[in-house]
file model-v8.csv (CSV, C-alpha atoms)
chain,number,residue,atom,x,y,z
L,1,MET,CA,-22.8,-17.4,-25.1
L,2,GLN,CA,-21.6,-14.8,-27.5
L,3,PHE,CA,-19.9,-17.4,-29.6
L,4,GLN,CA,-23.1,-19.4,-29.8
L,5,ARG,CA,-24.9,-16.3,-31.1
L,6,ILE,CA,-22.2,-15.8,-33.7
L,7,LEU,CA,-22.4,-19.4,-34.8
L,8,HIS,CA,-26.2,-19.2,-34.9
L,9,GLY,CA,-26.0,-16.1,-37.1
L,10,PHE,CA,-23.4,-17.9,-39.3
L,11,LEU,CA,-25.8,-20.8,-40.0
L,12,ILE,CA,-28.7,-18.4,-40.7
L,13,SER,CA,-26.5,-16.5,-43.1
L,14,ILE,CA,-25.5,-19.6,-45.1
L,15,ASP,CA,-29.2,-20.6,-45.3
L,16,LEU,CA,-30.4,-17.2,-46.4
L,17,CYS,CA,-27.6,-16.4,-48.8
L,18,LYS,CA,-28.1,-18.3,-52.1
L,19,ASN,CA,-25.6,-16.3,-54.1
L,20,GLY,CA,-22.0,-17.7,-53.8
L,21,LEU,CA,-20.4,-14.3,-53.4
L,22,LYS,CA,-22.8,-13.4,-50.6
L,23,ASN,CA,-22.0,-16.7,-48.9
L,24,ILE,CA,-18.3,-15.9,-49.0
L,25,ILE,CA,-18.8,-12.3,-47.6
L,26,ALA,CA,-21.1,-13.6,-44.8
L,27,ILE,CA,-18.7,-16.4,-43.9
L,28,SER,CA,-15.7,-14.1,-43.9
L,29,PHE,CA,-17.4,-11.5,-41.7
L,30,LEU,CA,-18.6,-14.1,-39.1
L,31,LEU,CA,-15.2,-15.8,-39.0
L,32,ALA,CA,-13.5,-12.4,-38.4
L,33,SER,CA,-16.0,-11.7,-35.7
L,34,SER,CA,-15.2,-15.0,-34.0
L,35,LEU,CA,-11.5,-14.4,-34.1
L,36,LEU,CA,-11.9,-10.9,-32.7
L,37,LEU,CA,-14.0,-12.2,-29.9
L,38,PHE,CA,-11.4,-14.9,-28.9
L,39,GLY,CA,-8.6,-12.4,-29.3
L,40,CYS,CA,-10.3,-10.0,-26.8
L,41,GLN,CA,-10.8,-12.8,-24.3
L,42,LYS,CA,-7.1,-13.6,-24.4
L,43,GLU,CA,-6.1,-10.0,-23.7
L,44,GLU,CA,-8.2,-9.7,-20.6
L,45,LYS,CA,-6.2,-8.2,-17.8
L,46,VAL,CA,-5.3,-9.8,-14.5
L,47,HIS,CA,-6.6,-7.6,-11.6
L,48,LEU,CA,-4.8,-7.4,-8.3
L,49,THR,CA,-6.1,-5.7,-5.2
L,50,VAL,CA,-3.4,-4.4,-2.8
L,51,SER,CA,-4.0,-3.1,0.7
L,52,ALA,CA,-1.0,-1.0,1.9
L,53,ALA,CA,0.0,1.2,4.8
L,54,ALA,CA,-0.9,4.9,4.2
L,55,SER,CA,2.8,5.9,4.5
L,56,MET,CA,3.5,3.9,1.3
L,57,THR,CA,1.0,5.8,-0.8
L,58,ASP,CA,3.4,7.9,-3.0
L,59,ALA,CA,6.0,5.2,-3.4
L,60,MET,CA,3.5,2.5,-4.3
L,61,LYS,CA,1.8,4.7,-6.9
L,62,GLU,CA,5.1,5.1,-8.7
L,63,ILE,CA,6.0,1.4,-8.3
L,64,SER,CA,2.6,0.5,-9.7
L,65,LYS,CA,3.3,2.5,-12.9
L,66,GLU,CA,6.7,0.9,-13.3
L,67,TYR,CA,5.3,-2.6,-12.7
L,68,GLN,CA,2.5,-2.2,-15.2
L,69,LYS,CA,5.1,-1.0,-17.9
L,70,LEU,CA,6.8,-4.4,-17.4
L,71,HIS,CA,3.5,-6.3,-17.1
L,72,PRO,CA,0.8,-4.5,-19.1
L,73,GLU,CA,-1.4,-7.6,-18.7
L,74,VAL,CA,-1.8,-6.7,-15.0
L,75,SER,CA,-4.1,-4.1,-13.5
L,76,LEU,CA,-3.4,-2.9,-9.9
L,77,SER,CA,-5.8,-1.2,-7.5
L,78,PHE,CA,-4.8,0.1,-4.1
L,79,ASN,CA,-6.5,0.6,-0.8
L,80,PHE,CA,-4.4,2.8,1.5
L,81,GLY,CA,-5.0,3.2,5.3
L,82,SER,CA,-3.6,2.4,8.7
L,83,SER,CA,-2.2,-1.1,8.9
L,84,GLY,CA,-4.6,-2.0,11.8
L,85,VAL,CA,-7.7,-0.9,10.0
L,86,LEU,CA,-6.7,-2.6,6.8
L,87,LYS,CA,-6.1,-5.9,8.7
L,88,GLN,CA,-9.6,-5.6,10.3
L,89,GLN,CA,-11.1,-5.1,6.9
L,90,ILE,CA,-9.4,-8.2,5.6
L,91,LYS,CA,-10.5,-10.2,8.6
L,92,GLN,CA,-14.1,-9.1,7.8
L,93,GLY,CA,-13.9,-10.4,4.3
L,94,ALA,CA,-12.5,-7.6,2.2
L,95,PRO,CA,-11.2,-9.2,-1.1
L,96,VAL,CA,-7.4,-8.6,-1.1
L,97,ASP,CA,-4.5,-10.3,-2.9
L,98,VAL,CA,-1.6,-8.6,-1.3
L,99,PHE,CA,-1.3,-6.9,2.2
L,100,MET,CA,1.6,-4.5,3.2
L,101,ALA,CA,1.9,-3.1,6.7
L,102,ALA,CA,4.1,-0.6,8.4
L,103,ASP,CA,5.2,-3.3,10.9
L,104,GLU,CA,5.6,-7.1,11.2
L,105,LYS,CA,2.8,-7.6,13.8
L,106,HIS,CA,-0.2,-7.1,11.6
L,107,VAL,CA,1.0,-9.5,8.8
L,108,GLU,CA,2.2,-12.1,11.4
L,109,VAL,CA,-1.3,-12.2,12.9
L,110,LEU,CA,-2.7,-13.2,9.5
L,111,ILE,CA,0.1,-15.8,9.1
L,112,GLU,CA,-0.9,-17.3,12.5
L,113,GLU,CA,-4.5,-17.4,11.5
L,114,GLY,CA,-3.6,-19.2,8.3
L,115,SER,CA,-4.6,-16.5,5.8
L,116,ILE,CA,-1.0,-16.0,4.6
L,117,LYS,CA,1.6,-18.8,4.2
L,118,LYS,CA,4.9,-18.2,5.9
L,119,GLU,CA,6.8,-18.6,2.7
L,120,ASP,CA,4.7,-15.8,1.1
L,121,PHE,CA,5.9,-13.3,3.8
L,122,LYS,CA,8.5,-10.6,2.8
L,123,LYS,CA,10.4,-8.0,4.6
L,124,LEU,CA,10.3,-4.9,2.3
L,125,VAL,CA,11.8,-1.7,3.6
L,126,SER,CA,12.6,0.2,6.8
L,127,ASN,CA,11.8,3.7,8.1
L,128,GLU,CA,12.5,6.2,10.9
L,129,LEU,CA,10.3,8.2,13.2
L,130,ILE,CA,10.5,12.0,13.0
L,131,LEU,CA,8.9,14.8,15.0
L,132,VAL,CA,7.5,17.7,12.8
L,133,ALA,CA,6.4,21.0,14.2
L,134,SER,CA,5.3,24.5,13.0
L,135,PRO,CA,8.4,26.8,12.7
L,136,SER,CA,6.7,29.3,15.0
L,137,HIS,CA,7.1,27.0,17.9
L,138,LYS,CA,10.9,26.7,17.5
L,139,VAL,CA,11.1,23.1,18.6
L,140,LYS,CA,14.7,22.0,18.5
L,141,ASN,CA,14.6,18.7,20.5
L,142,LEU,CA,12.1,16.2,21.7
L,143,ARG,CA,11.9,17.5,25.3
L,144,GLU,CA,10.6,20.9,24.0
L,145,ILE,CA,7.2,19.4,23.1
L,146,GLN,CA,6.4,19.5,26.8
L,147,ARG,CA,5.5,23.2,26.4
L,148,LEU,CA,3.2,22.7,23.4
L,149,GLN,CA,-0.6,22.4,23.7
L,150,ARG,CA,-1.6,20.0,20.9
L,151,ILE,CA,0.5,17.1,19.7
L,152,SER,CA,-0.8,14.5,17.2
L,153,ILE,CA,0.1,10.8,16.9
L,154,GLY,CA,-1.6,8.0,15.1
L,155,THR,CA,-4.0,5.9,17.2
L,156,PRO,CA,-1.6,3.4,18.8
L,157,GLU,CA,-4.0,0.4,18.6
L,158,THR,CA,-4.3,0.6,14.8
L,159,VAL,CA,-1.5,2.9,13.5
L,160,PRO,CA,2.0,1.5,13.8
L,161,ALA,CA,3.5,5.1,13.7
L,162,GLY,CA,1.3,5.9,16.7
L,163,ARG,CA,2.5,2.8,18.6
L,164,TYR,CA,6.1,3.8,17.9
L,165,ALA,CA,5.4,7.4,19.1
L,166,LYS,CA,3.9,6.0,22.3
L,167,GLU,CA,7.0,4.0,22.9
L,168,VAL,CA,9.1,7.1,22.5
L,169,LEU,CA,7.0,9.1,25.0
L,170,GLU,CA,6.9,6.2,27.5
L,171,ASN,CA,10.7,5.7,27.3
L,172,GLU,CA,11.2,9.4,27.8
L,173,HIS,CA,8.7,9.3,30.7
L,174,MET,CA,6.5,11.9,29.0
L,175,TRP,CA,3.4,9.8,28.1
L,176,GLU,CA,1.4,10.4,31.3
L,177,GLU,CA,2.3,14.1,31.2
L,178,LEU,CA,1.3,14.6,27.6
L,179,LYS,CA,-1.6,12.2,27.3
L,180,SER,CA,-4.2,15.0,27.7
L,181,LYS,CA,-2.6,17.0,24.9
L,182,LEU,CA,-2.6,14.2,22.3
L,183,ILE,CA,-4.8,14.4,19.2
L,184,PHE,CA,-5.1,10.9,17.8
L,185,ALA,CA,-5.2,10.5,14.0
L,186,LYS,CA,-6.5,7.8,11.7
L,187,ASP,CA,-3.1,7.3,10.0
L,188,VAL,CA,0.3,9.0,9.6
L,189,LYS,CA,-0.8,11.0,6.6
L,190,HIS,CA,-3.6,12.5,8.7
L,191,VAL,CA,-1.0,13.5,11.4
L,192,LEU,CA,1.0,15.3,8.8
L,193,SER,CA,-2.0,17.2,7.4
L,194,LEU,CA,-3.0,18.3,11.0
L,195,VAL,CA,0.5,19.8,11.5
L,196,GLU,CA,0.6,21.4,8.1
L,197,SER,CA,-2.8,23.0,8.5
L,198,GLY,CA,-1.9,24.3,12.0
L,199,ASN,CA,-4.6,22.3,13.8
L,200,VAL,CA,-1.9,20.9,16.0
L,201,ASP,CA,1.5,22.2,17.1
L,202,ALA,CA,3.5,19.1,16.4
L,203,GLY,CA,3.2,15.5,15.3
L,204,PHE,CA,5.1,12.2,15.0
L,205,VAL,CA,5.5,11.0,11.4
L,206,TYR,CA,7.9,8.9,9.3
L,207,LYS,CA,11.0,10.1,7.6
L,208,SER,CA,9.5,9.1,4.3
L,209,ASP,CA,6.6,11.6,4.9
L,210,LEU,CA,9.1,14.5,4.7
L,211,VAL,CA,9.3,13.9,0.9
L,212,SER,CA,5.7,15.0,0.4
L,213,ILE,CA,5.6,17.9,2.9
L,214,LYS,CA,4.0,20.9,1.2
L,215,LYS,CA,4.7,23.5,3.9
L,216,GLU,CA,7.9,24.4,5.7
L,217,LEU,CA,8.1,22.6,9.1
L,218,GLU,CA,10.7,22.1,11.8
L,219,THR,CA,11.9,18.5,11.8
L,220,VAL,CA,13.5,16.8,14.9
L,221,PRO,CA,15.2,13.4,14.5
L,222,ILE,CA,14.4,10.9,17.2
L,223,ASP,CA,16.9,8.5,18.7
L,224,HIS,CA,16.0,5.1,17.2
L,225,HIS,CA,16.8,3.4,20.5
L,226,LEU,CA,13.6,4.9,21.9
L,227,TYR,CA,11.3,2.8,19.7
L,228,SER,CA,11.0,-0.6,18.0
L,229,LYS,CA,12.6,-1.1,14.6
L,230,ILE,CA,10.3,0.1,11.9
L,231,LEU,CA,10.0,-2.7,9.3
L,232,TYR,CA,7.5,-2.8,6.5
L,233,THR,CA,6.3,-6.3,5.6
L,234,GLY,CA,4.0,-7.9,3.0
L,235,GLY,CA,2.2,-11.1,2.3
L,236,VAL,CA,0.1,-12.8,-0.4
L,237,PHE,CA,-3.2,-14.3,0.6
L,238,LYS,CA,-3.2,-18.1,-0.1
L,239,HIS,CA,-6.8,-18.0,-1.3
L,240,SER,CA,-6.2,-15.2,-3.8
L,241,PHE,CA,-7.8,-15.9,-7.2
L,242,GLN,CA,-4.6,-14.4,-8.7
L,243,TYR,CA,-2.2,-16.2,-6.4
L,244,GLU,CA,0.8,-16.6,-8.8
L,245,GLU,CA,0.5,-13.1,-10.1
L,246,ALA,CA,0.2,-11.7,-6.6
L,247,LYS,CA,3.4,-13.5,-5.6
L,248,ARG,CA,5.2,-12.1,-8.6
L,249,PHE,CA,4.2,-8.6,-7.7
L,250,LEU,CA,5.3,-9.0,-4.1
L,251,GLU,CA,8.6,-10.4,-5.3
L,252,PHE,CA,9.0,-7.3,-7.5
L,253,LEU,CA,8.9,-5.1,-4.4
L,254,THR,CA,12.3,-6.6,-3.3
L,255,THR,CA,14.1,-5.9,-6.7
L,256,ASP,CA,16.6,-3.1,-7.2
L,257,ALA,CA,14.1,-1.2,-9.4
L,258,ALA,CA,11.5,-1.1,-6.6
L,259,ARG,CA,14.1,-0.4,-3.9
L,260,HIS,CA,15.4,2.6,-6.0
L,261,ILE,CA,11.8,4.1,-5.9
L,262,PHE,CA,11.4,3.3,-2.2
L,263,ARG,CA,14.7,5.2,-1.4
L,264,LYS,CA,13.6,8.1,-3.6
L,265,HIS,CA,10.5,8.4,-1.3
L,266,GLY,CA,12.6,8.3,2.0
L,267,PHE,CA,12.5,4.6,2.9
L,268,THR,CA,15.6,2.6,3.8
L,269,ASP,CA,16.6,-0.8,2.4
L,270,VAL,CA,16.2,-3.6,5.0
L,271,GLY,CA,19.5,-4.3,6.6
L,272,ARG,CA,21.2,-1.2,5.1
L,273,GLU,CA,20.3,1.5,7.7

call {"tool": "encode", "arguments": {"input": "model-v8.csv", "output": "structure tokens"}}
result
Amino acid sequence: MQFQRILHGFLISIDLCKNGLKNIIAISFLLASSLLLFGCQKEEKVHLTVSAAASMTDAMKEISKEYQKLHPEVSLSFNFGSSGVLKQQIKQGAPVDVFMAADEKHVEVLIEEGSIKKEDFKKLVSNELILVASPSHKVKNLREIQRLQRISIGTPETVPAGRYAKEVLENEHMWEELKSKLIFAKDVKHVLSLVESGNVDAGFVYKSDLVSIKKELETVPIDHHLYSKILYTGGVFKHSFQYEEAKRFLEFLTTDAARHIFRKHGFTDVGRE
């Protein structure tokens, strides 16, 4: 439509301009405008929408900057939240090109439903579960949370970290005893904020969350045999309008450059724990 307007103006200019010099100026101006228009169209950015687990927020923001340095033609926007909630948004029609969850379960469901092809599934990084508590409570081991009054975990049905925390408490035969003391959070970042603000006495978060802690907290490692292996996975939606570019971005997340950033933010390489 814009080109047709320029062409229309071009023809009018020729008709109106009787002087040869004026014709040359008019033609030159309109040709330059046409070239500028097509040049701008070629430089239009490819836009990717990525839904990712809340615990990946800081790492993905840094990876995004690195990726866009290498691919300035790509624009990335992120939607961070609990893996379960993000999956529900996607099933309800949220436009997403790439999905990354803090487990295998949520991506595998979308593969089974046909939204993601099996060959477009990637295992990305690993993580560990950690207990954090206010120093005033002097919590030195997992059993000591029994004397606390308020303990936060992510909602197990939608937050993988909450599901892992529930496994720990069940395996230690503390779930029924502590259930009435549990404060359920919308995602693992919410758990951390509740502990830092003093609204709860302790909470279960990921090792990677310790990198962004703003307040001094007690940290208690948890035996990894007490919960399922934490594996972050990702997939590209087969109906993405930017399918090839989305595949290229997901592939980048498995490169040494991306892994270096993940390690910097407390994650562990898959198979190198």

call {"tool": "closest_atom_pairs", "arguments": {"input": "model-v8.csv", "of": "region 194-261 of chain L", "to": "region 102-111 of chain L", "cutoff": "7 Å", "atoms": "all atoms listed in the file", "output": "JSON lines"}}
result
{"residue": "L:Ile230", "atom": "CA", "partner": "L:Asp103", "partner_atom": "CA", "distance": 6.2}
{"residue": "L:Leu231", "atom": "CA", "partner": "L:Asp103", "partner_atom": "CA", "distance": 5.1}
{"residue": "L:Tyr232", "atom": "CA", "partner": "L:Ala102", "partner_atom": "CA", "distance": 4.5}
{"residue": "L:Thr233", "atom": "CA", "partner": "L:Glu104", "partner_atom": "CA", "distance": 5.7}
{"residue": "L:Gly234", "atom": "CA", "partner": "L:Val107", "partner_atom": "CA", "distance": 6.7}
{"residue": "L:Gly235", "atom": "CA", "partner": "L:Val107", "partner_atom": "CA", "distance": 6.8}

call {"tool": "closest_residue", "arguments": {"input": "model-v8.csv", "among": "L:Gln68, L:Ser77, L:Thr155, L:Ser51", "to": "Ile183 (chain L)", "atoms": "all atoms listed in the file"}}
result
L:Thr155

call {"tool": "closest_residue", "arguments": {"input": "model-v8.csv", "among": "L:Thr219, L:Thr255, L:Asn79, L:Ser197", "to": "Val139 (chain L)", "atoms": "only C-alpha atoms"}}
result
L:Thr219

call {"tool": "closest_residue", "arguments": {"input": "model-v8.csv", "among": "L:Ala161, L:Ala257, L:Leu182, L:Val168", "to": "Tyr67 (chain L)", "atoms": "all atoms listed in the file"}}
result
L:Ala257

call {"tool": "residues_around", "arguments": {"input": "model-v8.csv", "residues": "Asn127 (chain L)", "least_positions_apart": "4", "cutoff": "12 Å", "atoms": "all atoms listed in the file", "output": "PyMOL selection string"}}
result
chain L and resi 55-56+102-103+160-161+164+205-210+222+224+227-233+262-263+265-273

call {"tool": "closest_residue", "arguments": {"input": "model-v8.csv", "among": "L:Ala53, L:Val125, L:Ala202, L:Met60", "to": "Lys87 (chain L)", "atoms": "all atoms listed in the file"}}
result
L:Ala53

call {"tool": "closest_atom_pairs", "arguments": {"input": "model-v8.csv", "of": "region 179-228 of chain L", "to": "region 144-153 of chain L", "cutoff": "12 Å", "atoms": "all atoms listed in the file", "output": "Markdown table"}}
result
| residue | atom | partner | partner_atom | distance |
| --- | --- | --- | --- | --- |
| L:Lys179 | CA | L:Ile151 | CA | 9.3 |
| L:Ser180 | CA | L:Arg150 | CA | 8.8 |
| L:Lys181 | CA | L:Arg150 | CA | 5.1 |
| L:Leu182 | CA | L:Ile151 | CA | 5.0 |
| L:Ile183 | CA | L:Ser152 | CA | 4.5 |
| L:Phe184 | CA | L:Ile153 | CA | 5.3 |
| L:Ala185 | CA | L:Ile153 | CA | 6.0 |
| L:Lys186 | CA | L:Ile153 | CA | 8.9 |
| L:Asp187 | CA | L:Ile153 | CA | 8.4 |
| L:Val188 | CA | L:Ile153 | CA | 7.5 |
| L:Lys189 | CA | L:Ile153 | CA | 10.3 |
| L:His190 | CA | L:Ile153 | CA | 9.2 |
| L:Val191 | CA | L:Ser152 | CA | 5.9 |
| L:Leu192 | CA | L:Ser152 | CA | 8.6 |
| L:Ser193 | CA | L:Ser152 | CA | 10.2 |
| L:Leu194 | CA | L:Ser152 | CA | 7.6 |
| L:Val195 | CA | L:Ser152 | CA | 7.9 |
| L:Glu196 | CA | L:Ser152 | CA | 11.5 |
| L:Gly198 | CA | L:Arg150 | CA | 9.9 |
| L:Asn199 | CA | L:Arg150 | CA | 8.0 |
| L:Val200 | CA | L:Arg150 | CA | 5.0 |
| L:Asp201 | CA | L:Arg150 | CA | 5.4 |
| L:Ala202 | CA | L:Ile151 | CA | 4.9 |
| L:Gly203 | CA | L:Ser152 | CA | 4.5 |
| L:Phe204 | CA | L:Ile153 | CA | 5.5 |
| L:Val205 | CA | L:Ile153 | CA | 7.7 |
| L:Tyr206 | CA | L:Ile153 | CA | 11.1 |
| L:Val220 | CA | L:Glu144 | CA | 10.4 |

call {"tool": "atom_distance", "arguments": {"input": "model-v8.csv", "atom1": "CA of Gly84 (chain L)", "atom2": "CA of Val132 (chain L)"}}
result
23.1 Å

call {"tool": "atom_distance", "arguments": {"input": "model-v8.csv", "atom1": "CA of Pro135 (chain L)", "atom2": "CA of Ala59 (chain L)"}}
result
27.0 Å

call {"tool": "atom_distance", "arguments": {"input": "model-v8.csv", "atom1": "CA of Ile116 (chain L)", "atom2": "CA of Val96 (chain L)"}}
result
11.3 Å

call {"tool": "closest_residue", "arguments": {"input": "model-v8.csv", "among": "L:Asn171, L:Gln89, L:Thr49, L:Ser136", "to": "Tyr243 (chain L)", "atoms": "all atoms listed in the file"}}
result
L:Thr49
